[in-house]
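Undergrad: What follows is a structure written as structure tokens; I'll ask about it next.
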Amino acid sequence: MAALCVAVPMAGARAQQADPAPAATPVPTLQSLLDRATFWRQHGRPELARQLLDQVLAAEPANVEAIYQSGLVATETGDAAKAAALLERLTALVPSDARVDRLKQSIARGQISPALIEQARSASRAGDQAAAVAFYRQAFAGLPPPLEYAVEYYNALAGTEEGWAEGRERLGALAKRSPGDTALQLSYAKVLTYREVSRREGIAMLARLAPTSQEALKAWSNALVWLNASLSDEPLYRSYLADHADDKAVADRLAELTAPLKPDTAERAVALAYTAVADKRYAEAEKLFLIALGFEPDNTSALTGLASLKMNAGRTKEAMEYMDRAVAIDPALKDQYTDLYRAGTFVSGYNAASAAARAGRLAEAERLLRPLIGAGYKEQRIAIALLASVKERQRQYAEAEKYYRMVLKARPGDREATAGLYRVLIGQNKLAAAQALEARVPAELRERMQDSFAAAEADKLRKEAEAMARSGDVAGARRTYDQALSRASDSPWLRLSYARFLLKQGDDRGAEAVMAPVTAGTSPGAEGLHAAALFALERGRPQEAAALLNRIPGPKRTKAIKALAEDIALKNTLKAAQLAAASGHQAEAQATFRSLAQRKDLTPAMQGEIAAALAELGDGAGALALARRELAKPLPAGAKFGDYAALLGVIAREGGESETEAMVARLQPLARNDEDGQQLAGMRSGLIATRADRLRQAGQQQAAYDLLLPALRADPRNETLQAAMARVYASAKMYGEAMKIYDRLLARTPGDHDLALQAVWASFGDGDYDRARELIDPLLESGWQNSQLYYADGLLSRAEGDTGQAIRSLETAQALRATELGISLTDISLSSAPVGGSVAVSPYPPIE
């Protein structure tokens, strides 16, 4: 519609506007209720948790998480019968879900004896951590501790010789999940200081906690005294003493650490030099080796030490000079020369690669590692292991698996390689192979990988759900999506896939609810914001999409995120120009589009959007010239068929059929996978449908029919061709035949709003107002804000005799159309016409 003219009675009173309704109190989401219930359970308030969970189950009786948590609450409050009943419900819904086993454990454990807990705490306060652990285990019936006792139990466990590693790992996992719990962070930091291997990490945490905690300050001081420090740790002591200079124990430890050692002989200088090498103080080691040569120019230990330093630094010529001097003094070193040289070359390359990997320069690390593999180096296994790690970090899991298996073939018991192989198998969704490896994987890694394993299971279920949806098994797809969410509810990409599925089913509100948790909270991750932006863009909200991407910090913006941001910026520019054209500034809009088309940094897909916009503004020649220019360019490596779809669409609309077919044939090799193949087939179907629409709009319905019929016989389930045939029937006033097609299509894709609205106009033409109402009401309930939808509802309400509703819908349509055109509401006039009577329907419904 160029402008929306609605029939509204001018005589008589208008429907009076009601007083503004008070602002509604926001209704909490089910997820927020579950989160609050979890909080109160963990903080010993089961009665509050029960109230929240009852609210969830009242709204959604089959909510798996709510049933599970209700079972835990029942167990913790001693209601064994209710817990058993909830376990039975949970098992019936999701028999293989991990939460079934967890609830069974909780029921088996039963209520926890307060007396045993108090005995455990008393033993812990007395310093007898082994006894405390024994009491705790007795209280827990040998099962894992409940959340409310987890911190104190793992603290006690970490105080035992054999339980420190598990206690540290478990506390670390809890601390990671609750970064704002300072008491938990302090407990974890103190446990880290119990062993030298993690003491420096604990010191760093205590330093952050000390400004607001005397306990943390005391633990920080103790850890510095306990630390087996070297000179490289001097900054740790300086940082502490800057604000606590009166701490004599720490000051004495620093004085001891920094006491000068005098290299007063060649032997002493060499010894100090090798100590410096061990501490990675290579510059200091070089000076000490040179001091040794000052005392004793022929000291071969100093010469070979310098040769190694120079070789590791990549200064081969200097290394060779020192080695030549050493061999001249002691010919017996000659047999070691080649091995040392090769070892120096290997270590130099490996160290450089390791440094690059630590700095995140993974491509550089790979380049440095390649020459070290397969060249006969004795220690090439560690280079292969590092390359496997690099490939894993690059998410090239298949290659990483290959290299981890090479390491394990040479050294079957390598724990790091076993752990790496376990991780990349999960990364590839090779869950059976990963499970077969579990017995050889350390327990702490299995625990850490639980979330990744669940994510892999969820991803596998997601793919199954998508396949079910494609095959038409809507109910099965929904069940499978729900199972996937039960395993990885925090996956933004799983939620996006589910939301897209729901949109196709017409469940707009459900899709919005599925995506809502992705951006909930104060600091959603980059992937969550990326997925939410894609969803907003698909919902026609580019400004919201841009705002979401702007919340992603610069360092976390991947290439895909940057490309999406550029695409959204272009869409917003195009939208602004289109609104300008709708407001009467068509020349200005065309100038904007032509200016954009001259940019060199735009992708073929972006140029296609510009060309399509020019065509919509009536500049068919300009659009065709732009499309031809872009399609004449050489195809870049990695180009996809979909990148050129919009450009091909312009050629199809504005060019000739032979030119279009030639372009499609040229781009056909880009369809390298199923998705591209489907898009190519869709493009061919679209070309036929477009030609049929042209014929139909020119009044040549028979010619359009003759064009579509053979194509439909070749591909009878093609929805694009079927919809085009329905439009042909409708334009020929064969509304019954059109509705048969629309009904079949809507049964397959009930969420297609545009298709449903076309069916509404066909129902009008057929005089079937009941069917029109059946189609319109779900569209209104979905919240779709579309001017033609409310226009159709206004016309239908008038035909039904509901004058008040007709006025309200037509006024809403008027306001929405003004928004769509970007003009003032006063610029759209209302025409006078009597209410009632039949609805006049054009053979060309407004949707086109």
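Just so we're on the same page: first chain in the structure tokens is A, next is B, and so on; residues restart at 1 for each chain, and ligands are numbered from 1 in the order they show up.
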List the neighbours of Gln31 (chain A) out to 12 Å using only C-alpha atoms; skip same-chain residues closer than 6 positions along the sequence, and give me the result as a list in words.
TA: Ala37, Thr38, Leu52, Leu53, Gln55, Val56, Leu57, Ala59, Glu60, Asn63, Val64, Glu65, Ala66, Ser489, Asp490, Ala513, Val514, Met515, Ala516, Pro517, Val518, Ala520 and Gly521 of chain A
Undergrad: Using backbone DSSP assignments, extract all helix (DSSP H, G or I) residues from region 688-823 of chain A; output them as a compact mmCIF listing (two decimals) with N, CA, C and O atoms, in the first residue's frame.
TA:
```
# COMPACT_ATOMS: atom_id res chain seq x y z
N ILE A 688 11.60 -18.75 -10.84
CA ILE A 688 10.35 -19.16 -11.51
C ILE A 688 9.16 -18.44 -10.89
O ILE A 688 8.26 -17.94 -11.58
N ALA A 689 9.16 -18.37 -9.53
CA ALA A 689 8.05 -17.71 -8.85
C ALA A 689 7.99 -16.23 -9.22
O ALA A 689 6.90 -15.67 -9.41
N THR A 690 9.15 -15.58 -9.34
CA THR A 690 9.18 -14.17 -9.70
C THR A 690 8.61 -13.95 -11.10
O THR A 690 7.83 -13.02 -11.34
N ARG A 691 9.02 -14.82 -12.03
CA ARG A 691 8.48 -14.69 -13.40
C ARG A 691 6.98 -14.91 -13.41
O ARG A 691 6.22 -14.21 -14.11
N ALA A 692 6.51 -15.88 -12.61
CA ALA A 692 5.07 -16.13 -12.53
C ALA A 692 4.34 -14.94 -11.94
O ALA A 692 3.25 -14.55 -12.40
N ASP A 693 4.91 -14.31 -10.93
CA ASP A 693 4.29 -13.13 -10.32
C ASP A 693 4.20 -11.99 -11.33
O ASP A 693 3.20 -11.26 -11.37
N ARG A 694 5.24 -11.83 -12.15
CA ARG A 694 5.20 -10.77 -13.17
C ARG A 694 4.05 -11.00 -14.15
O ARG A 694 3.30 -10.09 -14.51
N LEU A 695 3.93 -12.25 -14.59
CA LEU A 695 2.86 -12.57 -15.53
C LEU A 695 1.49 -12.35 -14.87
O LEU A 695 0.56 -11.80 -15.47
N ARG A 696 1.37 -12.79 -13.62
CA ARG A 696 0.10 -12.66 -12.91
C ARG A 696 -0.27 -11.19 -12.75
O ARG A 696 -1.43 -10.80 -12.99
N GLN A 697 0.71 -10.36 -12.34
CA GLN A 697 0.42 -8.95 -12.13
C GLN A 697 0.10 -8.23 -13.44
O GLN A 697 -0.53 -7.17 -13.43
N GLN A 701 -2.82 -14.65 -16.03
CA GLN A 701 -2.88 -15.73 -15.06
C GLN A 701 -2.63 -17.10 -15.70
O GLN A 701 -1.96 -17.96 -15.12
N GLN A 702 -3.14 -17.31 -16.90
CA GLN A 702 -2.97 -18.61 -17.55
C GLN A 702 -1.49 -18.86 -17.84
O GLN A 702 -0.98 -19.98 -17.65
N ALA A 703 -0.79 -17.82 -18.31
CA ALA A 703 0.64 -17.98 -18.60
C ALA A 703 1.42 -18.27 -17.32
O ALA A 703 2.36 -19.08 -17.30
N ALA A 704 1.03 -17.59 -16.23
CA ALA A 704 1.70 -17.84 -14.95
C ALA A 704 1.46 -19.27 -14.49
O ALA A 704 2.36 -19.96 -14.00
N TYR A 705 0.22 -19.73 -14.65
CA TYR A 705 -0.12 -21.11 -14.28
C TYR A 705 0.70 -22.11 -15.09
O TYR A 705 1.25 -23.08 -14.56
N ASP A 706 0.78 -21.87 -16.41
CA ASP A 706 1.52 -22.80 -17.29
C ASP A 706 3.00 -22.82 -16.95
O ASP A 706 3.67 -23.84 -17.13
N LEU A 707 3.54 -21.71 -16.45
CA LEU A 707 4.96 -21.67 -16.06
C LEU A 707 5.19 -22.46 -14.77
O LEU A 707 6.18 -23.18 -14.64
N LEU A 708 4.25 -22.33 -13.81
CA LEU A 708 4.44 -22.96 -12.50
C LEU A 708 4.17 -24.46 -12.52
O LEU A 708 4.81 -25.22 -11.76
N LEU A 709 3.22 -24.89 -13.35
CA LEU A 709 2.76 -26.28 -13.27
C LEU A 709 3.89 -27.30 -13.47
O LEU A 709 4.05 -28.21 -12.66
N PRO A 710 4.73 -27.19 -14.54
CA PRO A 710 5.78 -28.20 -14.70
C PRO A 710 6.81 -28.16 -13.57
O PRO A 710 7.35 -29.19 -13.17
N ALA A 711 7.09 -26.96 -13.07
CA ALA A 711 8.04 -26.85 -11.96
C ALA A 711 7.50 -27.53 -10.72
O ALA A 711 8.24 -28.21 -9.99
N LEU A 712 6.20 -27.40 -10.45
CA LEU A 712 5.60 -28.04 -9.29
C LEU A 712 5.52 -29.55 -9.46
O LEU A 712 5.64 -30.31 -8.49
N ARG A 713 5.33 -29.99 -10.70
CA ARG A 713 5.32 -31.44 -10.92
C ARG A 713 6.70 -32.03 -10.64
O ARG A 713 6.81 -33.15 -10.13
N ALA A 714 7.74 -31.28 -10.98
CA ALA A 714 9.10 -31.75 -10.72
C ALA A 714 9.46 -31.68 -9.24
O ALA A 714 10.24 -32.48 -8.74
N GLU A 719 7.77 -25.07 -1.34
CA GLU A 719 6.85 -24.11 -0.75
C GLU A 719 6.81 -22.79 -1.52
O GLU A 719 5.77 -22.15 -1.62
N THR A 720 7.94 -22.36 -2.09
CA THR A 720 7.97 -21.12 -2.86
C THR A 720 7.07 -21.21 -4.08
O THR A 720 6.29 -20.29 -4.38
N LEU A 721 7.17 -22.34 -4.78
CA LEU A 721 6.34 -22.53 -5.98
C LEU A 721 4.87 -22.68 -5.61
O LEU A 721 3.99 -22.15 -6.30
N GLN A 722 4.60 -23.38 -4.52
CA GLN A 722 3.20 -23.54 -4.10
C GLN A 722 2.58 -22.20 -3.74
O GLN A 722 1.43 -21.91 -4.10
N ALA A 723 3.34 -21.37 -3.01
CA ALA A 723 2.80 -20.06 -2.64
C ALA A 723 2.53 -19.21 -3.88
O ALA A 723 1.52 -18.48 -3.95
N ALA A 724 3.43 -19.29 -4.87
CA ALA A 724 3.22 -18.54 -6.11
C ALA A 724 1.95 -19.02 -6.82
O ALA A 724 1.18 -18.23 -7.36
N MET A 725 1.72 -20.37 -6.81
CA MET A 725 0.51 -20.90 -7.44
C MET A 725 -0.74 -20.43 -6.69
O MET A 725 -1.77 -20.10 -7.31
N ALA A 726 -0.65 -20.36 -5.36
CA ALA A 726 -1.79 -19.86 -4.58
C ALA A 726 -2.12 -18.43 -4.97
O ALA A 726 -3.30 -18.04 -5.07
N ARG A 727 -1.10 -17.62 -5.19
CA ARG A 727 -1.34 -16.23 -5.60
C ARG A 727 -1.99 -16.16 -6.98
O ARG A 727 -2.82 -15.29 -7.25
N VAL A 728 -1.60 -17.08 -7.85
CA VAL A 728 -2.23 -17.13 -9.18
C VAL A 728 -3.72 -17.45 -9.04
O VAL A 728 -4.58 -16.79 -9.64
N TYR A 729 -4.04 -18.46 -8.23
CA TYR A 729 -5.44 -18.81 -8.01
C TYR A 729 -6.22 -17.64 -7.41
O TYR A 729 -7.35 -17.34 -7.81
N ALA A 730 -5.62 -16.97 -6.43
CA ALA A 730 -6.32 -15.86 -5.78
C ALA A 730 -6.57 -14.72 -6.76
O ALA A 730 -7.65 -14.11 -6.77
N SER A 731 -5.57 -14.42 -7.62
CA SER A 731 -5.75 -13.32 -8.57
C SER A 731 -6.80 -13.66 -9.62
O SER A 731 -7.43 -12.78 -10.20
N TYR A 735 -10.60 -18.62 -5.14
CA TYR A 735 -10.14 -18.53 -3.74
C TYR A 735 -10.13 -19.89 -3.05
O TYR A 735 -9.30 -20.15 -2.18
N GLY A 736 -11.06 -20.76 -3.40
CA GLY A 736 -11.10 -22.08 -2.78
C GLY A 736 -9.83 -22.86 -3.07
O GLY A 736 -9.25 -23.49 -2.17
N GLU A 737 -9.37 -22.83 -4.34
CA GLU A 737 -8.14 -23.52 -4.70
C GLU A 737 -6.93 -22.89 -3.99
O GLU A 737 -6.01 -23.58 -3.55
N ALA A 738 -6.96 -21.55 -3.91
CA ALA A 738 -5.85 -20.86 -3.22
C ALA A 738 -5.80 -21.28 -1.76
O ALA A 738 -4.72 -21.55 -1.21
N MET A 739 -6.97 -21.38 -1.10
CA MET A 739 -6.99 -21.71 0.32
C MET A 739 -6.52 -23.14 0.58
O MET A 739 -5.90 -23.43 1.61
N LYS A 740 -6.78 -24.06 -0.35
CA LYS A 740 -6.27 -25.43 -0.18
C LYS A 740 -4.75 -25.42 -0.08
O LYS A 740 -4.16 -26.12 0.75
N ILE A 741 -4.12 -24.62 -0.94
CA ILE A 741 -2.66 -24.54 -0.92
C ILE A 741 -2.18 -23.86 0.35
O ILE A 741 -1.26 -24.32 1.03
N TYR A 742 -2.83 -22.73 0.70
CA TYR A 742 -2.41 -22.01 1.91
C TYR A 742 -2.54 -22.89 3.15
O TYR A 742 -1.68 -22.89 4.03
N ASP A 743 -3.62 -23.67 3.23
CA ASP A 743 -3.81 -24.53 4.39
C ASP A 743 -2.70 -25.57 4.49
O ASP A 743 -2.20 -25.87 5.59
N ARG A 744 -2.31 -26.16 3.34
CA ARG A 744 -1.22 -27.14 3.36
C ARG A 744 0.09 -26.48 3.81
O ARG A 744 0.85 -27.04 4.60
N LEU A 745 0.36 -25.30 3.28
CA LEU A 745 1.61 -24.61 3.62
C LEU A 745 1.64 -24.22 5.09
O LEU A 745 2.67 -24.35 5.77
N LEU A 746 0.52 -23.73 5.60
CA LEU A 746 0.48 -23.29 7.00
C LEU A 746 0.55 -24.46 7.96
O LEU A 746 1.04 -24.32 9.09
N ALA A 747 0.08 -25.62 7.55
CA ALA A 747 0.22 -26.80 8.40
C ALA A 747 1.69 -27.19 8.54
O ALA A 747 2.11 -27.71 9.57
N ARG A 748 2.46 -26.90 7.47
CA ARG A 748 3.89 -27.23 7.50
C ARG A 748 4.69 -26.16 8.20
O ARG A 748 5.66 -26.46 8.92
N HIS A 753 4.12 -15.71 9.23
CA HIS A 753 3.10 -14.65 9.35
C HIS A 753 2.65 -14.11 8.00
O HIS A 753 1.45 -13.90 7.76
N ASP A 754 3.63 -13.85 7.11
CA ASP A 754 3.27 -13.28 5.81
C ASP A 754 2.36 -14.23 5.03
O ASP A 754 1.39 -13.79 4.38
N LEU A 755 2.69 -15.52 5.07
CA LEU A 755 1.87 -16.50 4.36
C LEU A 755 0.47 -16.54 4.96
O LEU A 755 -0.53 -16.59 4.22
N ALA A 756 0.39 -16.49 6.29
CA ALA A 756 -0.93 -16.51 6.94
C ALA A 756 -1.76 -15.29 6.54
O ALA A 756 -2.97 -15.38 6.33
N LEU A 757 -1.10 -14.13 6.39
CA LEU A 757 -1.83 -12.92 6.01
C LEU A 757 -2.31 -13.01 4.56
O LEU A 757 -3.41 -12.55 4.24
N GLN A 758 -1.51 -13.61 3.68
CA GLN A 758 -1.99 -13.84 2.32
C GLN A 758 -3.24 -14.72 2.33
O GLN A 758 -4.21 -14.49 1.59
N ALA A 759 -3.21 -15.74 3.21
CA ALA A 759 -4.37 -16.63 3.32
C ALA A 759 -5.60 -15.88 3.84
O ALA A 759 -6.74 -16.19 3.46
N VAL A 760 -5.38 -14.87 4.69
CA VAL A 760 -6.50 -14.05 5.17
C VAL A 760 -7.21 -13.38 4.01
O VAL A 760 -8.43 -13.40 3.89
N TRP A 761 -6.41 -12.76 3.12
CA TRP A 761 -7.04 -12.05 1.98
C TRP A 761 -7.78 -13.04 1.07
O TRP A 761 -8.86 -12.73 0.55
N ALA A 762 -7.21 -14.24 0.91
CA ALA A 762 -7.90 -15.25 0.09
C ALA A 762 -9.21 -15.66 0.76
O ALA A 762 -10.23 -15.89 0.08
N SER A 763 -9.21 -15.77 2.10
CA SER A 763 -10.44 -16.11 2.82
C SER A 763 -11.50 -15.02 2.64
O SER A 763 -12.70 -15.30 2.48
N PHE A 764 -11.05 -13.76 2.69
CA PHE A 764 -11.98 -12.66 2.41
C PHE A 764 -12.62 -12.84 1.05
O PHE A 764 -13.84 -12.70 0.88
N GLY A 765 -11.77 -13.11 0.05
CA GLY A 765 -12.29 -13.25 -1.31
C GLY A 765 -13.29 -14.39 -1.42
O GLY A 765 -14.25 -14.33 -2.17
N ASP A 766 -13.08 -15.45 -0.63
CA ASP A 766 -13.96 -16.62 -0.66
C ASP A 766 -15.21 -16.40 0.18
O ASP A 766 -16.10 -17.25 0.20
N TYR A 769 -15.47 -15.74 6.32
CA TYR A 769 -14.99 -14.86 7.39
C TYR A 769 -14.59 -15.66 8.63
O TYR A 769 -13.73 -15.24 9.40
N ASP A 770 -15.22 -16.83 8.84
CA ASP A 770 -14.83 -17.65 9.99
C ASP A 770 -13.37 -18.12 9.85
O ASP A 770 -12.60 -18.09 10.81
N ARG A 771 -13.03 -18.55 8.63
CA ARG A 771 -11.63 -18.98 8.41
C ARG A 771 -10.68 -17.81 8.55
O ARG A 771 -9.59 -17.93 9.09
N ALA A 772 -11.12 -16.62 8.07
CA ALA A 772 -10.27 -15.43 8.20
C ALA A 772 -10.01 -15.13 9.67
O ALA A 772 -8.89 -14.80 10.07
N ARG A 773 -11.08 -15.29 10.50
CA ARG A 773 -10.90 -15.03 11.93
C ARG A 773 -9.96 -16.05 12.55
O ARG A 773 -9.11 -15.71 13.40
N GLU A 774 -10.05 -17.33 12.15
CA GLU A 774 -9.15 -18.36 12.65
C GLU A 774 -7.69 -18.03 12.34
O GLU A 774 -6.79 -18.35 13.11
N LEU A 775 -7.47 -17.40 11.21
CA LEU A 775 -6.11 -17.04 10.81
C LEU A 775 -5.63 -15.77 11.50
O LEU A 775 -4.45 -15.66 11.89
N ILE A 776 -6.51 -14.80 11.66
CA ILE A 776 -6.10 -13.50 12.20
C ILE A 776 -5.81 -13.56 13.69
O ILE A 776 -4.82 -13.00 14.17
N ASP A 777 -6.65 -14.26 14.46
CA ASP A 777 -6.51 -14.24 15.92
C ASP A 777 -5.13 -14.72 16.39
O ASP A 777 -4.51 -14.06 17.24
N PRO A 778 -4.58 -15.84 15.88
CA PRO A 778 -3.24 -16.24 16.33
C PRO A 778 -2.17 -15.21 15.97
O PRO A 778 -1.19 -15.03 16.71
N LEU A 779 -2.34 -14.52 14.83
CA LEU A 779 -1.37 -13.49 14.46
C LEU A 779 -1.42 -12.33 15.45
O LEU A 779 -0.38 -11.79 15.85
N LEU A 780 -2.62 -11.95 15.85
CA LEU A 780 -2.75 -10.88 16.85
C LEU A 780 -2.17 -11.31 18.18
O LEU A 780 -1.47 -10.55 18.86
N GLU A 781 -2.44 -12.55 18.58
CA GLU A 781 -1.96 -13.06 19.87
C GLU A 781 -0.44 -13.18 19.88
O GLU A 781 0.19 -13.10 20.94
N SER A 787 0.96 -3.33 10.08
CA SER A 787 -0.19 -2.49 9.75
C SER A 787 -1.26 -3.27 8.98
O SER A 787 -2.47 -3.11 9.22
N GLN A 788 -0.84 -4.13 8.03
CA GLN A 788 -1.82 -4.85 7.24
C GLN A 788 -2.60 -5.86 8.07
O GLN A 788 -3.77 -6.15 7.79
N LEU A 789 -1.96 -6.43 9.10
CA LEU A 789 -2.67 -7.35 9.98
C LEU A 789 -3.83 -6.63 10.68
O LEU A 789 -4.97 -7.13 10.69
N TYR A 790 -3.56 -5.45 11.24
CA TYR A 790 -4.62 -4.72 11.94
C TYR A 790 -5.64 -4.15 10.95
O TYR A 790 -6.82 -3.99 11.27
N TYR A 791 -5.18 -3.81 9.73
CA TYR A 791 -6.11 -3.38 8.67
C TYR A 791 -7.10 -4.51 8.38
O TYR A 791 -8.32 -4.31 8.33
N ALA A 792 -6.55 -5.73 8.21
CA ALA A 792 -7.42 -6.88 7.93
C ALA A 792 -8.37 -7.14 9.09
O ALA A 792 -9.56 -7.43 8.90
N ASP A 793 -7.87 -7.02 10.33
CA ASP A 793 -8.74 -7.25 11.48
C ASP A 793 -9.85 -6.18 11.55
O ASP A 793 -10.98 -6.49 11.92
N GLY A 794 -9.50 -4.95 11.19
CA GLY A 794 -10.51 -3.90 11.17
C GLY A 794 -11.60 -4.18 10.16
O GLY A 794 -12.81 -4.04 10.45
N LEU A 795 -11.20 -4.59 8.95
CA LEU A 795 -12.20 -4.92 7.94
C LEU A 795 -13.06 -6.10 8.35
O LEU A 795 -14.28 -6.10 8.17
N LEU A 796 -12.41 -7.11 8.95
CA LEU A 796 -13.16 -8.29 9.36
C LEU A 796 -14.11 -7.96 10.51
O LEU A 796 -15.27 -8.41 10.53
N SER A 797 -13.63 -7.17 11.48
CA SER A 797 -14.49 -6.78 12.61
C SER A 797 -15.70 -5.99 12.12
O SER A 797 -16.82 -6.13 12.64
N ARG A 798 -15.49 -5.12 11.12
CA ARG A 798 -16.61 -4.36 10.56
C ARG A 798 -17.63 -5.30 9.93
O ARG A 798 -18.84 -5.16 10.14
N ALA A 799 -17.11 -6.32 9.19
CA ALA A 799 -18.02 -7.28 8.56
C ALA A 799 -18.76 -8.10 9.60
O ALA A 799 -19.91 -8.52 9.39
N THR A 803 -18.34 -2.76 15.53
CA THR A 803 -17.87 -1.44 15.10
C THR A 803 -16.74 -0.92 15.98
O THR A 803 -15.75 -0.37 15.50
N GLY A 804 -16.88 -1.10 17.29
CA GLY A 804 -15.85 -0.60 18.20
C GLY A 804 -14.49 -1.23 17.92
O GLY A 804 -13.48 -0.53 17.85
N GLN A 805 -14.48 -2.56 17.76
CA GLN A 805 -13.21 -3.23 17.49
C GLN A 805 -12.67 -2.83 16.12
O GLN A 805 -11.45 -2.69 15.94
N ALA A 806 -13.56 -2.63 15.16
CA ALA A 806 -13.12 -2.20 13.83
C ALA A 806 -12.39 -0.87 13.91
O ALA A 806 -11.31 -0.69 13.33
N ILE A 807 -12.96 0.07 14.68
CA ILE A 807 -12.32 1.39 14.81
C ILE A 807 -10.96 1.26 15.47
O ILE A 807 -9.96 1.83 15.01
N ARG A 808 -10.91 0.47 16.57
CA ARG A 808 -9.63 0.34 17.28
C ARG A 808 -8.56 -0.30 16.39
O ARG A 808 -7.41 0.16 16.35
N SER A 809 -8.92 -1.34 15.67
CA SER A 809 -7.93 -2.02 14.82
C SER A 809 -7.48 -1.13 13.69
O SER A 809 -6.29 -1.08 13.34
N LEU A 810 -8.41 -0.40 13.06
CA LEU A 810 -8.05 0.44 11.93
C LEU A 810 -7.19 1.62 12.38
O LEU A 810 -6.26 2.04 11.68
N GLU A 811 -7.46 2.15 13.57
CA GLU A 811 -6.60 3.22 14.08
C GLU A 811 -5.21 2.70 14.41
O GLU A 811 -4.20 3.37 14.19
N THR A 812 -5.14 1.47 14.96
CA THR A 812 -3.82 0.86 15.21
C THR A 812 -3.08 0.65 13.90
O THR A 812 -1.87 0.91 13.80
N ALA A 813 -3.81 0.19 12.88
CA ALA A 813 -3.19 -0.01 11.56
C ALA A 813 -2.65 1.31 11.03
O ALA A 813 -1.55 1.38 10.46
N GLN A 814 -3.44 2.37 11.21
CA GLN A 814 -3.01 3.70 10.74
C GLN A 814 -1.71 4.13 11.42
O GLN A 814 -0.77 4.58 10.77
N ALA A 815 -1.64 3.94 12.75
CA ALA A 815 -0.44 4.35 13.49
C ALA A 815 0.76 3.50 13.09
O ALA A 815 1.87 4.01 12.91
N LEU A 816 0.56 2.20 12.93
CA LEU A 816 1.66 1.32 12.53
C LEU A 816 2.17 1.66 11.14
O LEU A 816 3.38 1.64 10.88
N ARG A 817 1.25 1.99 10.24
CA ARG A 817 1.67 2.33 8.88
C ARG A 817 2.48 3.61 8.88
O ARG A 817 3.46 3.74 8.13
N ALA A 818 2.07 4.56 9.70
CA ALA A 818 2.85 5.80 9.79
C ALA A 818 4.27 5.50 10.27
O ALA A 818 5.25 6.05 9.75
N THR A 819 4.38 4.60 11.26
CA THR A 819 5.71 4.22 11.75
C THR A 819 6.52 3.52 10.66
O THR A 819 7.71 3.78 10.48
N GLU A 820 5.88 2.62 9.92
CA GLU A 820 6.58 1.90 8.85
C GLU A 820 7.08 2.84 7.77
O GLU A 820 8.15 2.64 7.19
N LEU A 821 6.30 3.90 7.49
CA LEU A 821 6.70 4.85 6.45
C LEU A 821 7.60 5.94 6.99
O LEU A 821 8.17 6.71 6.22
```
Undergrad: Residues within 8 Å of Ala605 (chain A), please, as a ChimeraX atom specification. Count only C-alpha atoms; anything in the same chain fewer than 4 positions from it doesn't count.
TA: /A:609,642-647
Undergrad: Separation of CA of Trp220 (chain A) and CA of Ala207 (chain A), in Å?
TA: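 Value for the CA of Trp220 (chain A)-CA of Ala207 (chain A) distance: 6.6 Å.
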Undergrad: Hey, which of A:Asp97, A:Glu267, A:Glu512, A:Glu148 ends up closest to Glu76 (chain A)? Count only C-alpha atoms.
TA: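 The answer is A:Glu148, which sits nearest to Glu76 (chain A).
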Undergrad: I'd like the neighbourhood of Ala134 (chain A) as a PDB file with C-alpha atoms, in the first residue's frame, where a residue qualifies if any of its atoms comes within 12 Å (using only C-alpha atoms), though same-chain residues fewer than 3 positions away should be ignored.
TA:
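Output file around14.pdb is given in full below:
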```
ATOM      1  CA  LEU A 116      27.505 -35.113  63.450  1.00  0.00           C
ATOM      2  CA  ILE A 117      27.970 -31.772  61.682  1.00  0.00           C
ATOM      3  CA  GLN A 119      31.314 -32.879  65.836  1.00  0.00           C
ATOM      4  CA  ALA A 120      32.947 -32.337  62.444  1.00  0.00           C
ATOM      5  CA  ARG A 121      33.175 -28.594  63.030  1.00  0.00           C
ATOM      6  CA  ALA A 123      37.319 -31.405  65.153  1.00  0.00           C
ATOM      7  CA  SER A 124      38.129 -28.910  62.409  1.00  0.00           C
ATOM      8  CA  ASP A 128      42.135 -32.480  63.460  1.00  0.00           C
ATOM      9  CA  GLN A 129      41.024 -32.249  59.831  1.00  0.00           C
ATOM     10  CA  ALA A 130      41.143 -36.006  59.235  1.00  0.00           C
ATOM     11  CA  ALA A 131      38.636 -36.570  62.044  1.00  0.00           C
ATOM     12  CA  ARG A 137      31.363 -38.334  55.556  1.00  0.00           C
ATOM     13  CA  GLN A 138      29.366 -40.134  58.220  1.00  0.00           C
ATOM     14  CA  ALA A 139      26.823 -37.296  58.177  1.00  0.00           C
ATOM     15  CA  PHE A 140      26.594 -37.411  54.388  1.00  0.00           C
ATOM     16  CA  ALA A 141      26.264 -41.228  54.335  1.00  0.00           C
ATOM     17  CA  GLY A 142      29.364 -41.413  52.140  1.00  0.00           C
ATOM     18  CA  TYR A 153      33.706 -29.967  54.045  1.00  0.00           C
ATOM     19  CA  ALA A 156      38.527 -29.741  55.978  1.00  0.00           C
ATOM     20  CA  LEU A 157      39.398 -32.164  53.169  1.00  0.00           C
ATOM     21  CA  THR A 160      44.498 -33.494  54.969  1.00  0.00           C
ATOM     22  CA  GLY A 163      42.635 -34.841  50.308  1.00  0.00           C
TER      23      GLY A 163
END
```
